[in-house]
Amino acid sequence: LCVCCLVASCAKTPTARINATVEGANDTSIVIYKLVFNHLQTVDTVKTDAGGKFDYKVKLTGNAPYFYYLYYGQSPVASLALLPGDKVTLTSSVSGQYEVEGSQESSFLKEVNTNLAEASAKMDKVLEGVNQEDEASVKAGNAALSKIYVDYKRTALKFVMQHPYSIAS
């Protein structure tokens, strides 16, 4: 009897649950991808209800965290780092502005992605204002880009130091 219980408990597939609302994605499909090495692999396509809601059970492999990405058409909706037993509550817009609860790793990943997106947007804005024909403008642009990069790197290093065991680090 004990051997049967042990085998049954070992054979149980680890899962995480996503309870999501994607505002603006009513009665449509959300594609769930998993990061596998350096590419995204389609896991499933889920149908949202009239309110943009869906509930999905993710079958995980082992106890390690995995990165999952939700897309509405070609637009990313959310990035998640899921561990067995996570019960994620996700509220997102189709433009990818989202809030996540129930998964510390997913919250950390959102923070990292937000910091990167903000730094990238700042760099894009600087580049838009640089006149490539004007040496002073190019110098000022390079200085501004360097400052943004250094600030971002400090933020990233601080995050890693505060969360050294997080997969988001």
# chains A, B, ... in the order shown; residues from 1 in each chain; ligands from 1
>>> closest_atom_pairs(of="segment 50-71 of chain A", to="segment 12-25 of chain A", cutoff="6 Å", atoms="only C-alpha atoms", output="Markdown table")
| residue | atom | partner | partner_atom | distance |
| --- | --- | --- | --- | --- |
| A:Gly52 | CA | A:Ala25 | CA | 4.9 |
| A:Lys53 | CA | A:Thr21 | CA | 4.2 |
| A:Phe54 | CA | A:Ala20 | CA | 5.4 |
| A:Asp55 | CA | A:Asn19 | CA | 4.5 |
| A:Tyr56 | CA | A:Ile18 | CA | 5.1 |
| A:Lys57 | CA | A:Arg17 | CA | 4.5 |
| A:Val58 | CA | A:Ala16 | CA | 5.2 |
| A:Lys59 | CA | A:Thr15 | CA | 4.6 |
| A:Leu60 | CA | A:Thr15 | CA | 5.3 |
>>> residues_around(residues="Leu82 of chain A", least_positions_apart="4", cutoff="8 Å", atoms="only C-alpha atoms", output="list in words")
Ala16, Pro65, Tyr66, Phe67, Tyr68, Asp86, Ser103, Glu105 and Ser106 of chain A
>>> write_last_selection(atoms="C-alpha atoms", output="JSON list (two decimals), in the first residue's frame")
[["chain", "number", "residue", "atom", "x", "y", "z"],
["A", 16, "ALA", "CA", 0.40, 25.88, -12.16],
["A", 65, "PRO", "CA", 10.55, 27.47, -13.00],
["A", 66, "TYR", "CA", 9.70, 27.96, -16.65],
["A", 67, "PHE", "CA", 9.02, 31.11, -18.64],
["A", 68, "TYR", "CA", 5.62, 31.41, -20.29],
["A", 86, "ASP", "CA", 1.53, 28.69, -8.49],
["A", 103, "SER", "CA", 3.61, 33.93, -8.30],
["A", 105, "GLU", "CA", 8.80, 34.73, -9.72],
["A", 106, "SER", "CA", 6.27, 36.20, -12.17]]
>>> atom_distance(atom1="atom CA of Asp27 of chain A", atom2="atom CA of Gly51 of chain A")
7.5 Å
>>> closest_residue(among="A:Val126, A:Thr89, A:Phe159, A:Asp44", to="Ala143 of chain A", atoms="only C-alpha atoms")
A:Val126
>>> atom_distance(atom1="atom CA of Met123 of chain A", atom2="atom CA of Ile148 of chain A")
7.0 Å
>>> residues_around(residues="Ser146 of chain A", least_positions_apart="3", cutoff="12 Å", atoms="only C-alpha atoms", output="VMD selection string")
chain A and resid 119 122 to 123 126 to 127 139 to 143 149 to 153
>>> residues_around(residues="Ala78 of chain A", least_positions_apart="4", cutoff="7 Å", atoms="only C-alpha atoms", output="list of chain:residue names")
A:Tyr69, A:Leu70, A:Gly96, A:Tyr98
>>> atom_distance(atom1="atom CA of Asp49 of chain A", atom2="atom CA of Asn26 of chain A")
6.0 Å
>>> select_by_dssp(residues="segment 68-115 of chain A", states="helix (DSSP H, G or I)", output="PyMOL selection string")
chain A and resi 104-115
>>> closest_residue(among="A:Met161, A:Ala168, A:Ala50, A:Ala136", to="Ser79 of chain A", atoms="only C-alpha atoms")
A:Ala168
>>> residues_around(residues="Gln97 of chain A", least_positions_apart="4", cutoff="9 Å", atoms="only C-alpha atoms", output="PyMOL selection string")
chain A and resi 77-78+91-93
